[in-house]
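Listing of input13.txt; format and content: compact mmCIF, C-alpha atoms.
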```txt
# COMPACT_ATOMS: atom_id res chain seq x y z
CA MET V 404 113.12 119.08 60.93
CA ASN V 405 109.57 118.31 59.88
CA ALA V 406 110.01 114.72 61.04
CA PHE V 407 111.25 115.93 64.42
CA VAL V 408 108.35 118.33 64.84
CA GLY V 409 105.90 115.65 63.74
CA SER V 410 107.31 113.17 66.26
CA TRP V 411 107.23 115.75 69.01
CA VAL V 412 103.62 116.61 68.27
CA ARG V 413 102.72 112.91 68.45
CA ILE V 414 104.62 112.44 71.72
CA THR V 415 103.01 115.40 73.43
CA ALA V 416 99.58 114.41 72.13
CA MET V 417 99.97 110.95 73.67
CA GLU V 418 101.54 112.23 76.85
CA ASN V 419 99.40 111.70 79.91
CA THR V 420 96.44 110.41 77.98
CA THR V 421 94.22 109.25 80.79
CA ASN V 422 90.68 108.35 81.60
CA ALA V 423 90.70 110.47 84.73
CA PRO V 424 87.26 111.45 86.02
CA GLY V 425 86.21 115.02 85.38
CA ARG V 426 84.29 117.79 87.09
CA GLY V 427 80.95 116.63 88.46
CA ASP V 428 81.87 112.96 88.46
CA THR V 429 81.78 110.95 91.66
CA ALA V 430 85.22 109.63 92.55
CA ARG V 431 85.59 106.03 93.61
CA ASP V 432 86.21 105.56 97.30
CA VAL V 433 89.39 103.63 98.01
CA GLN V 434 91.23 102.58 101.16
CA VAL V 435 94.90 103.55 101.32
CA LEU V 436 97.59 103.74 103.96
CA ASP V 437 99.00 107.08 104.96
CA SER V 438 102.67 107.67 105.68
CA THR V 439 102.19 106.79 109.36
CA GLY V 440 100.79 103.39 108.38
CA ALA V 441 97.17 104.24 109.29
CA LEU V 442 94.42 103.08 106.96
CA GLN V 443 92.41 105.94 105.44
CA THR V 444 89.46 106.12 103.11
CA ILE V 445 89.04 108.90 100.61
CA SER V 446 85.52 109.56 101.92
CA SER V 447 86.84 110.10 105.45
CA LEU V 448 89.44 112.55 104.14
CA VAL V 449 86.74 114.75 102.61
CA ALA V 450 84.20 114.33 105.42
CA ASP V 451 84.92 117.73 106.96
CA SER V 452 86.05 119.91 104.07
CA PRO V 453 87.02 119.74 100.40
CA ARG V 454 90.48 118.37 99.81
CA VAL V 455 93.08 118.87 97.11
CA PHE V 456 94.65 115.53 96.14
CA VAL V 457 98.04 116.04 94.57
CA PHE V 458 99.41 112.98 92.77
CA TYR V 459 103.18 112.97 92.37
CA ARG V 460 105.66 110.59 90.79
CA GLY V 461 107.29 109.49 94.03
CA TYR V 462 110.32 110.06 96.16
CA TRP V 463 113.55 108.49 94.97
CA MET N 1225 105.06 119.05 96.80
CA ALA N 1226 107.15 121.85 98.26
CA GLU N 1227 105.02 124.33 96.30
CA TYR N 1228 101.89 122.97 97.96
CA ARG N 1229 103.62 123.32 101.33
CA ASP N 1230 104.34 126.97 100.50
CA HIS N 1231 100.69 127.59 99.50
CA TYR N 1232 99.15 125.35 102.14
CA PHE N 1233 97.92 128.14 104.36
CA GLU N 1234 96.26 129.92 101.41
CA ILE N 1235 94.47 126.70 100.50
CA HIS N 1236 93.57 126.05 104.12
CA ALA N 1237 92.30 129.61 104.54
CA ALA N 1238 90.06 129.00 101.52
CA GLY N 1239 88.40 126.17 103.45
CA ALA N 1240 90.13 123.14 101.95
CA ASP N 1241 92.85 120.72 102.92
CA VAL N 1242 95.57 118.94 100.96
CA ALA N 1243 96.84 115.36 100.63
CA GLY N 1244 99.73 114.10 98.54
CA VAL N 1245 99.44 110.71 96.82
CA SER N 1246 102.12 108.43 95.41
CA VAL N 1247 102.71 104.70 95.15
CA ASP N 1248 105.64 104.89 97.59
CA ALA N 1249 105.75 102.79 100.73
CA PRO N 1250 104.71 104.48 104.00
CA GLU N 1251 108.26 104.70 105.37
CA ASP N 1252 109.56 106.38 102.19
CA SER N 1253 106.62 108.78 102.18
CA GLU N 1254 107.15 109.64 105.83
CA ASN N 1255 110.83 110.37 105.15
CA PHE N 1256 109.79 112.59 102.26
CA ARG N 1257 107.13 114.34 104.37
CA GLN N 1258 109.60 115.07 107.13
CA ALA N 1259 112.38 116.12 104.74
CA LEU N 1260 110.09 118.71 103.12
CA LYS N 1261 108.27 119.55 106.37
CA LEU N 1262 104.92 118.99 104.68
CA PRO N 1263 101.99 120.05 106.89
CA PHE N 1264 99.53 117.68 105.20
CA PRO N 1265 99.28 113.87 104.98
CA LEU N 1266 100.78 111.71 102.28
CA LEU N 1267 98.82 108.71 101.04
CA CYS N 1268 100.64 105.55 99.95
CA ASP N 1269 98.84 103.79 97.14
CA THR N 1270 101.19 100.83 97.14
CA ARG N 1271 98.53 98.57 95.58
CA ARG N 1272 98.02 101.10 92.72
CA GLU N 1273 94.30 100.90 93.41
CA LEU N 1274 93.65 104.63 93.69
CA VAL N 1275 95.77 105.67 90.70
CA ALA N 1276 94.01 103.03 88.59
CA ALA N 1277 90.53 103.99 89.83
CA TRP N 1278 91.14 107.66 89.14
CA GLY N 1279 92.78 107.08 85.76
CA VAL N 1280 96.24 108.43 86.58
CA PHE N 1281 98.31 105.27 86.50
CA ASN N 1282 101.49 105.29 84.40
CA GLU N 1283 102.28 101.59 84.13
CA LYS N 1284 105.32 102.18 81.93
CA GLU N 1285 107.69 103.50 84.57
CA ARG N 1286 109.29 101.93 87.64
CA GLY N 1287 106.69 99.21 87.98
CA GLY N 1288 103.86 101.70 87.75
CA ILE N 1289 103.68 105.17 89.26
CA ALA N 1290 101.21 108.04 89.53
CA ILE N 1291 100.83 110.51 86.68
CA PRO N 1292 101.27 113.97 88.24
CA SER N 1293 97.79 115.42 88.56
CA VAL N 1294 95.48 117.38 90.86
CA PHE N 1295 91.93 116.60 91.95
CA ILE N 1296 89.67 118.61 94.24
CA LEU N 1297 87.02 116.54 95.94
CA ASP N 1298 84.00 117.84 97.82
CA ARG N 1299 82.13 116.03 100.52
CA GLY N 1300 80.21 113.19 98.94
CA LEU N 1301 83.22 112.44 96.72
CA ARG N 1302 82.03 114.83 94.01
CA LEU N 1303 84.88 116.02 91.86
CA ARG N 1304 85.02 119.77 91.70
CA PHE N 1305 88.16 119.94 89.60
CA SER N 1306 90.67 117.67 87.94
CA SER N 1307 93.85 118.43 86.03
CA VAL N 1308 96.42 116.02 84.65
CA ASP N 1309 99.82 117.66 84.24
CA ARG N 1310 101.45 117.86 80.88
CA MET N 1311 105.20 118.03 80.38
CA GLY N 1312 105.08 121.65 79.26
CA ALA N 1313 102.25 122.98 81.41
CA ARG N 1314 100.72 122.35 84.79
CA VAL N 1315 98.27 124.01 87.10
CA THR N 1316 99.90 125.93 89.93
CA PRO N 1317 99.09 125.72 93.65
CA SER N 1318 98.39 129.46 93.68
CA ALA N 1319 95.78 128.97 90.92
CA ILE N 1320 94.23 126.17 93.00
CA ALA N 1321 94.13 128.44 96.05
CA GLU N 1322 92.57 131.25 94.02
CA MET N 1323 89.98 128.90 92.56
CA LEU N 1324 89.01 127.68 96.04
CA ARG N 1325 88.87 131.23 97.36
CA SER N 1326 86.69 132.52 94.52
CA GLY N 1327 84.44 129.47 94.34
CA ALA N 1328 85.28 129.00 90.66
CA GLU N 1329 85.27 125.47 89.29
CA ALA N 1330 87.88 125.83 86.59
CA VAL N 1331 91.20 127.53 86.00
CA THR N 1332 92.02 129.46 82.89
CA ALA N 1333 94.81 128.60 80.49
CA ARG N 1334 96.72 131.51 82.01
CA ASP N 1335 96.80 129.70 85.35
CA ARG N 1336 98.59 126.74 83.83
CA ARG N 1337 102.24 127.52 84.19
CA ARG N 1338 104.33 126.95 81.12
CA VAL N 1339 107.43 125.02 82.10
CA ILE N 1340 110.52 124.17 80.12
CA PRO N 1341 110.86 120.40 80.42
CA HIS N 1342 114.03 119.01 81.92
CA PRO N 1343 115.99 116.83 79.43
CA LYS N 1344 115.13 113.82 81.61
CA ASP N 1345 111.43 114.58 81.07
CA TRP N 1346 111.92 114.66 77.30
CA LEU N 1347 113.69 111.29 77.41
CA ARG N 1348 110.98 109.84 79.64
CA ALA N 1349 108.25 111.01 77.28
CA LEU N 1350 110.13 109.53 74.35
CA ARG N 1351 110.55 106.19 76.15
CA ASN N 1352 106.86 106.13 77.06
CA TYR N 1353 105.92 106.98 73.48
CA ARG N 1354 108.15 104.22 72.07
CA GLY N 1355 106.79 101.79 74.68
CA ALA N 1356 103.23 102.65 73.72
CA ARG N 1357 104.00 102.03 70.04
CA SER N 1358 105.73 98.71 70.59
CA PRO N 1359 103.57 95.62 70.17
CA ALA N 1360 102.81 93.79 73.41
CA ARG N 1361 105.13 90.89 74.10
```
Let me see the structure of the file written as structure tokens.
Amino acid sequence: MNAFVGSWVRITAMENTTNAPGRGDTARDVQVLDSTGALQTISSLVADSPRVFVFYRGYW
Amino acid sequence: MAEYRDHYFEIHAAGADVAGVSVDAPEDSENFRQALKLPFPLLCDTRRELVAAWGVFNEKERGGIAIPSVFILDRGLRLRFSSVDRMGARVTPSAIAEMLRSGAEAVTARDRRRVIPHPKDWLRALRNYRGARSPAR
């Protein structure tokens, strides 16, 4: 039981370990296509108002 | 993403917009957008450039996919908020809407919904953990 709990603690501690930027950082501007095939830049998407970017695993 | 659709008008009323991001191809994303009737655009980071630049790239699954996460960007590309989901807890769209409405720049632990992971999520975490421990070949 202790081994299971220990493994689980290690798994969850490693889960989603990222070097994502944090509050106050400046995000890198990147060009990406949207679902209509149009090229967008992140800076153009936030030119008029703040935007919530929701990253998801994908559609399959 | 359906939850963000359901809270889209709250977020929009708070003065912000929404975009979904995955590494899917445009045609798959457009099918997904239409199937869920999403009122906001979906971005297709097929080159994995954005997920890598923003530190949310999971290279261990399906050739590399996005780690579920949320970022709020102001004009000038300043990050107001970032949150990387964990298997057992994630920030909710209603907490995001409330944060935008109130002008706060953080959510409390209470706003991170506790979720019971699906067995598939447990297996995925275990596979990622074992992959991370294995020496590179």
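CA of Arg1271 in chain N sits 10.0 Å away from CA of Gln434 in chain V.
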Could you list, as a PyMOL selection string, every residue of chain V that has an atom within 7 Å of an atom of chain N, counting only C-alpha atoms?
-> chain V and resi 414+418-419+421-431+433+435-440+446+449-450+452-462
Interatomic distance between CA of Gly1287 in chain N and CA of Gln1258 in chain N?
->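 Separation of CA of Gly1287 in chain N and CA of Gln1258 in chain N: 25.0 Å.
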What is the CA of Asp432 in chain V to CA of Ile445 in chain V distance in Å?
->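 Value for the CA of Asp432 in chain V-CA of Ile445 in chain V distance: 5.5 Å.
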